[in-house]
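Asker: Okay, here's the structure, questions in a sec.
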Amino acid sequence: MTTFEAVRLVTMREIRERGRSKAFVGSGIFTILLLAAVIGLPAILGGGAKSFEVGTVGPADTSLLALAETMATESGDPDQPVTFSVTSFEDRAAAEAGLNAGDVEIVVLDDTTLLREGSGGFGGSEIERILQRAAATVALEETLVGSSATVADVASVFGSQPLTVESMKGADAELDDARSIIAYGGLMLMYLAVLSFGAWTLTGIAEEKASRVVEVLLATLRPWQLLAGKILGIGLLGLGQFIITVVIALVLIRVTGAVELPAIPLDSAVTLVVWFILGYSLFSVAFGTAGALVSRMEDAQTAAFPISIVAIAGFFASFAVLNDPSGAAGTFLTFIPFTAPFVVPIRVAFQEIAWWEYLAAVAVAILTIGALVRFAGRVYAGGLLHYGGRLGLRQAYRSAEIS
Amino acid sequence: MLEIDDLHKSYGDVTALDGCSFTVQPGRMVGFLGPNGAGKTTTMRAIFGLLRLDRGEVRWNGSVVTHGMQTRFGYMPEQRGLYPKMKIEEQLIYFARLNGLSKTAAAEAADRWLTDLGLEDRMGDALETLSHGNQQRVQLAAALVHEPELLILDEPFSGLDPMGAETMANVLRARAAAGAAVVFSSHQLDLVEDLCEDVAIIHKGRIVLDGNVHDLKTGSNRRVLELDLTEPQSEIVSGLRLGLSTLASMDVATSSRCKRGQTCAPCWERSSTQRSSNTSYSPRLRWRTYSGRQWHDDI
């Protein structure tokens, strides 16, 4: 049997068995449902009619409320009606009762104070922002008494962005926005892919050891063939699940119109695929090595802990790069093989990477994968037929009998 | 022919194999005997290249065994294990294909073996849903599915109930009759005596005794006839004037059991004596040797 045939058989078994396992099917369905909820629900719930209920106590400034109503109407989707209702209360006690009963969201007390029920939530409530802006505009208009400016003029100046923004790299500002989204989204996807598919490799290898099937396999297969077939199988399966998820997400977005979808620049798309493969291979080989060191499934997560930590550290370090893609940290982390899969796609998305840096990062990653495969193959060989307690990395490497 | 030639293997200070050599002829079944830790598993792993030997080589039909040649061998390791959640038919097809069978040939072989072992109704079931005995059958089928020329089984009878042991014995006999060289390890002498034509006894990494079971027995210089008699029978035997010498021999055999620290092989040789036991009414002669339990007690 040829090496190709051996690896192919292992790969196909992995795809077939794992692909129909409850865990895989379940996680796939869960991801799709979650995605549908994230994309679909705001369109169903949030996209409908907006309504603002404002209460007043004391003499109400009609110009303030009128301006707030205009602003509220403009804040919503032009196709959806916005209702703005004003309830006037006798006194503060009555207003508080109204707030408690949920009749109104907010109460304007004597044109000087805003009374709300509790916290405004993350970033404050929308109606509160509208009222503040309206009050500021009214106040400004009062100081401009005598000039020809009207409330509407002032409001329109406040609402506009008078300066045009231009970028040296690519004049298209919309594409620049797209790049930020891709940098951020790409980082998240890479992190999830590395950790979840890496964990599959870990459990897959630990399972074979725990069920003792490995000795039968090694009678005909080389350890590295087993490792390579497993990583390839899980990788293809992961990539398949990834593609299905992305396609469903795109369809959902198109159907619901939830998000304005930017066109993905070609360089970013290619980079994401290339670094998915590099990042996944790198971490899977590492996770596979950890799996070969344990005899029981319970110990697998512990053995893989250092690798998970490296992935998490790489993920958080990348946030610094998101803010400053051309900075020293970004340049440094580009050449560290375990952070490059997170950092390089970000820098490509922002077009802040030199071509030689890109090529050098790919070369470093490939060389590391090559070295790691050799190392992992040996540790794997040393660890696979060792039963009992958890094996140390050095001990497994030294005790390797076959390669 | 399988030739195990002067195998040496140490793990640090521990010597696992110390010049282990024996041969296995096609069509013969060899019992590979020895107490725990004698080097049986290490020798078997060496045949499959699962460890790096310090010295010596394993040859099959005259050429040194290299990776790739093992597809002609079947292996049932002591640590049993298959994929618990995989369907048994697919599992066998997978192992057959890893051993070089084509897709169709693998499917046919898997069906045939599962049918032969009485598992034709369970083909689509996951291994973990089968009883322990049936799982053992699947394990055996996994070693045999590609019809290997050489079959290596590490303690195949351990943990089997009498029916399972009978199935195992029949299958092994059939494979040997079909021309395969069969080696199985055990520490149960009676089982090996019943099943095997040849035996190889390993102790401390060395073969201390090997050859044809019959020749070894007849070559042994000690015979004991143990008679368990009713009183009238005893009188008849006494009348034959056989009683005293027979009983004396039996005492010798009993007292010559190995003491702790003595090597096991001579012990087996000395104790492979002819004995007779009978029920109250029908005295009969039969071979007896130490059972596995006694072996442990004695070493």
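In the structure tokens, each chain is lettered A, B, ... as it comes, each chain's residues begin at 1, and ligands are numbered from 1 in order of appearance.
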Using only C-alpha atoms, find which residues of chain A lie within 9 Å of chain B and jot them down as JSON, numbers by chain.
Answerer: {"A": [1, 2, 5, 6, 9, 10, 13, 17, 21, 207, 208, 210, 211, 212, 213, 214, 215, 216, 217, 218, 219, 220, 221, 222, 381, 385, 399, 400, 401, 402]}
Asker: As a PyMOL selection string, please: every residue in segment 193-369 of chain A that DSSP puts in alpha helix (DSSP H).
Answerer: chain A and resi 193-210+214-218+223-256+266-292+300-323+328-334+340-349+355-369
Asker: Please report the interatomic distance between atom CA of Gly229 of chain A and atom CA of Ala206 of chain A in Å with one decimal.
Answerer: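 If I compute the distance from atom CA of Gly229 of chain A to atom CA of Ala206 of chain A, I get 14.9 Å.
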Asker: Take atom CA of Gly146 of chain A and atom CA of Leu65 of chain A and report the distance between them in Å, one decimal.
Answerer: 22.5 Å
Asker: Which residues are close to Val321 of chain A, i.e. within 8 Å by only C-alpha atoms, leaving aside same-chain residues fewer than 4 positions away? Reply as a ChimeraX atom specification.
Answerer: /A:317,325-327,329-330,343,346-347
Asker: Find the residues near Gly58 of chain A: any atom within 7 Å, counting only C-alpha atoms, skip ones fewer than 2 places away on the same chain, and give them as a count of residues only.
Answerer: 4
Asker: Could you tell me, as a VMD selection string, which residues of segment 41-268 of chain B DSSP assigns to strand (DSSP E) when given the backbone?
Answerer: chain B and resid 55 to 60 63 to 64 73 to 76 150 to 153 181 to 186 198 to 203 206 to 212
Asker: Could those residues be written to a file, using N, CA and C atoms, as an mmCIF file, in the first residue's frame?
Answerer:
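Saved file result02.cif follows:
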data_model
loop_
_atom_site.group_PDB
_atom_site.id
_atom_site.type_symbol
_atom_site.label_atom_id
_atom_site.label_comp_id
_atom_site.auth_asym_id
_atom_site.auth_seq_id
_atom_site.Cartn_x
_atom_site.Cartn_y
_atom_site.Cartn_z
ATOM 1 N N ARG B 55 19.379 -5.066 18.753
ATOM 2 C CA ARG B 55 20.117 -5.995 17.910
ATOM 3 C C ARG B 55 19.154 -7.070 17.415
ATOM 4 N N GLY B 56 19.547 -7.771 16.369
ATOM 5 C CA GLY B 56 18.749 -8.884 15.874
ATOM 6 C C GLY B 56 17.779 -8.458 14.798
ATOM 7 N N GLU B 57 17.176 -9.452 14.149
ATOM 8 C CA GLU B 57 16.220 -9.117 13.102
ATOM 9 C C GLU B 57 15.109 -10.149 13.009
ATOM 10 N N VAL B 58 14.038 -9.705 12.383
ATOM 11 C CA VAL B 58 12.899 -10.589 12.145
ATOM 12 C C VAL B 58 12.830 -10.803 10.636
ATOM 13 N N ARG B 59 12.779 -12.078 10.207
ATOM 14 C CA ARG B 59 12.711 -12.360 8.771
ATOM 15 C C ARG B 59 11.440 -13.120 8.443
ATOM 16 N N TRP B 60 10.896 -12.809 7.287
ATOM 17 C CA TRP B 60 9.734 -13.547 6.797
ATOM 18 C C TRP B 60 10.093 -14.111 5.432
ATOM 19 N N SER B 63 13.475 -12.862 3.970
ATOM 20 C CA SER B 63 13.880 -11.454 3.901
ATOM 21 C C SER B 63 13.475 -10.704 5.166
ATOM 22 N N VAL B 64 14.320 -9.742 5.529
ATOM 23 C CA VAL B 64 14.093 -8.962 6.747
ATOM 24 C C VAL B 64 12.756 -8.230 6.627
ATOM 25 N N PHE B 73 0.612 -9.755 7.449
ATOM 26 C CA PHE B 73 0.497 -10.307 8.795
ATOM 27 C C PHE B 73 -0.809 -9.834 9.444
ATOM 28 N N GLY B 74 -1.276 -10.631 10.375
ATOM 29 C CA GLY B 74 -2.434 -10.208 11.168
ATOM 30 C C GLY B 74 -2.016 -10.090 12.621
ATOM 31 N N TYR B 75 -2.535 -9.091 13.321
ATOM 32 C CA TYR B 75 -2.072 -8.826 14.683
ATOM 33 C C TYR B 75 -3.258 -8.601 15.609
ATOM 34 N N MET B 76 -3.233 -9.283 16.711
ATOM 35 C CA MET B 76 -4.215 -9.030 17.753
ATOM 36 C C MET B 76 -3.435 -8.703 19.011
ATOM 37 N N LEU B 150 0.734 -14.763 8.175
ATOM 38 C CA LEU B 150 1.278 -14.928 9.524
ATOM 39 C C LEU B 150 0.302 -14.265 10.490
ATOM 40 N N LEU B 151 -0.044 -15.002 11.527
ATOM 41 C CA LEU B 151 -1.005 -14.487 12.486
ATOM 42 C C LEU B 151 -0.348 -14.437 13.861
ATOM 43 N N ILE B 152 -0.315 -13.240 14.446
ATOM 44 C CA ILE B 152 0.316 -13.054 15.749
ATOM 45 C C ILE B 152 -0.766 -12.608 16.726
ATOM 46 N N LEU B 153 -0.957 -13.374 17.781
ATOM 47 C CA LEU B 153 -2.001 -13.025 18.742
ATOM 48 C C LEU B 153 -1.421 -12.988 20.151
ATOM 49 N N ALA B 181 1.034 -19.357 9.243
ATOM 50 C CA ALA B 181 1.849 -19.573 10.433
ATOM 51 C C ALA B 181 1.164 -18.818 11.567
ATOM 52 N N VAL B 182 0.896 -19.522 12.671
ATOM 53 C CA VAL B 182 0.151 -18.902 13.766
ATOM 54 C C VAL B 182 1.001 -18.920 15.034
ATOM 55 N N VAL B 183 1.112 -17.755 15.674
ATOM 56 C CA VAL B 183 1.811 -17.676 16.954
ATOM 57 C C VAL B 183 0.858 -17.038 17.950
ATOM 58 N N PHE B 184 0.651 -17.668 19.083
ATOM 59 C CA PHE B 184 -0.100 -16.960 20.114
ATOM 60 C C PHE B 184 0.577 -17.101 21.457
ATOM 61 N N SER B 185 0.510 -16.056 22.224
ATOM 62 C CA SER B 185 1.155 -16.093 23.529
ATOM 63 C C SER B 185 0.132 -16.464 24.580
ATOM 64 N N SER B 186 0.624 -17.043 25.637
ATOM 65 C CA SER B 186 -0.269 -17.439 26.718
ATOM 66 C C SER B 186 0.585 -17.761 27.925
ATOM 67 N N ASP B 198 3.741 -26.896 18.237
ATOM 68 C CA ASP B 198 5.055 -26.395 18.651
ATOM 69 C C ASP B 198 4.902 -25.420 19.805
ATOM 70 N N VAL B 199 5.986 -25.271 20.519
ATOM 71 C CA VAL B 199 5.959 -24.356 21.647
ATOM 72 C C VAL B 199 7.302 -23.628 21.729
ATOM 73 N N ALA B 200 7.259 -22.393 22.195
ATOM 74 C CA ALA B 200 8.494 -21.657 22.478
ATOM 75 C C ALA B 200 8.298 -21.019 23.841
ATOM 76 N N ILE B 201 9.204 -21.303 24.748
ATOM 77 C CA ILE B 201 9.054 -20.769 26.104
ATOM 78 C C ILE B 201 10.107 -19.696 26.333
ATOM 79 N N ILE B 202 9.635 -18.531 26.727
ATOM 80 C CA ILE B 202 10.540 -17.404 26.923
ATOM 81 C C ILE B 202 10.626 -17.089 28.403
ATOM 82 N N HIS B 203 11.828 -16.778 28.832
ATOM 83 C CA HIS B 203 12.003 -16.356 30.213
ATOM 84 C C HIS B 203 13.132 -15.340 30.256
ATOM 85 N N ARG B 206 14.766 -14.524 26.946
ATOM 86 C CA ARG B 206 15.459 -15.577 26.190
ATOM 87 C C ARG B 206 14.522 -16.753 25.984
ATOM 88 N N ILE B 207 14.693 -17.443 24.856
ATOM 89 C CA ILE B 207 13.940 -18.676 24.665
ATOM 90 C C ILE B 207 14.679 -19.781 25.413
ATOM 91 N N VAL B 208 14.007 -20.365 26.392
ATOM 92 C CA VAL B 208 14.685 -21.385 27.193
ATOM 93 C C VAL B 208 14.326 -22.790 26.721
ATOM 94 N N LEU B 209 13.259 -22.884 25.939
ATOM 95 C CA LEU B 209 12.850 -24.195 25.454
ATOM 96 C C LEU B 209 11.985 -23.988 24.231
ATOM 97 N N ASP B 210 12.266 -24.676 23.147
ATOM 98 C CA ASP B 210 11.317 -24.624 22.033
ATOM 99 C C ASP B 210 11.399 -25.899 21.215
ATOM 100 N N GLY B 211 10.328 -26.146 20.502
ATOM 101 C CA GLY B 211 10.295 -27.341 19.678
ATOM 102 C C GLY B 211 8.906 -27.945 19.676
ATOM 103 N N ASN B 212 8.846 -29.201 19.213
ATOM 104 C CA ASN B 212 7.580 -29.904 19.096
ATOM 105 C C ASN B 212 7.089 -30.346 20.480
#
Asker: Just give me the gap between atom CA of Ala110 of chain B and atom CA of Ile93 of chain B in Å, one decimal is fine.
Answerer: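 Atom CA of Ile93 of chain B lies 5.8 Å from atom CA of Ala110 of chain B.
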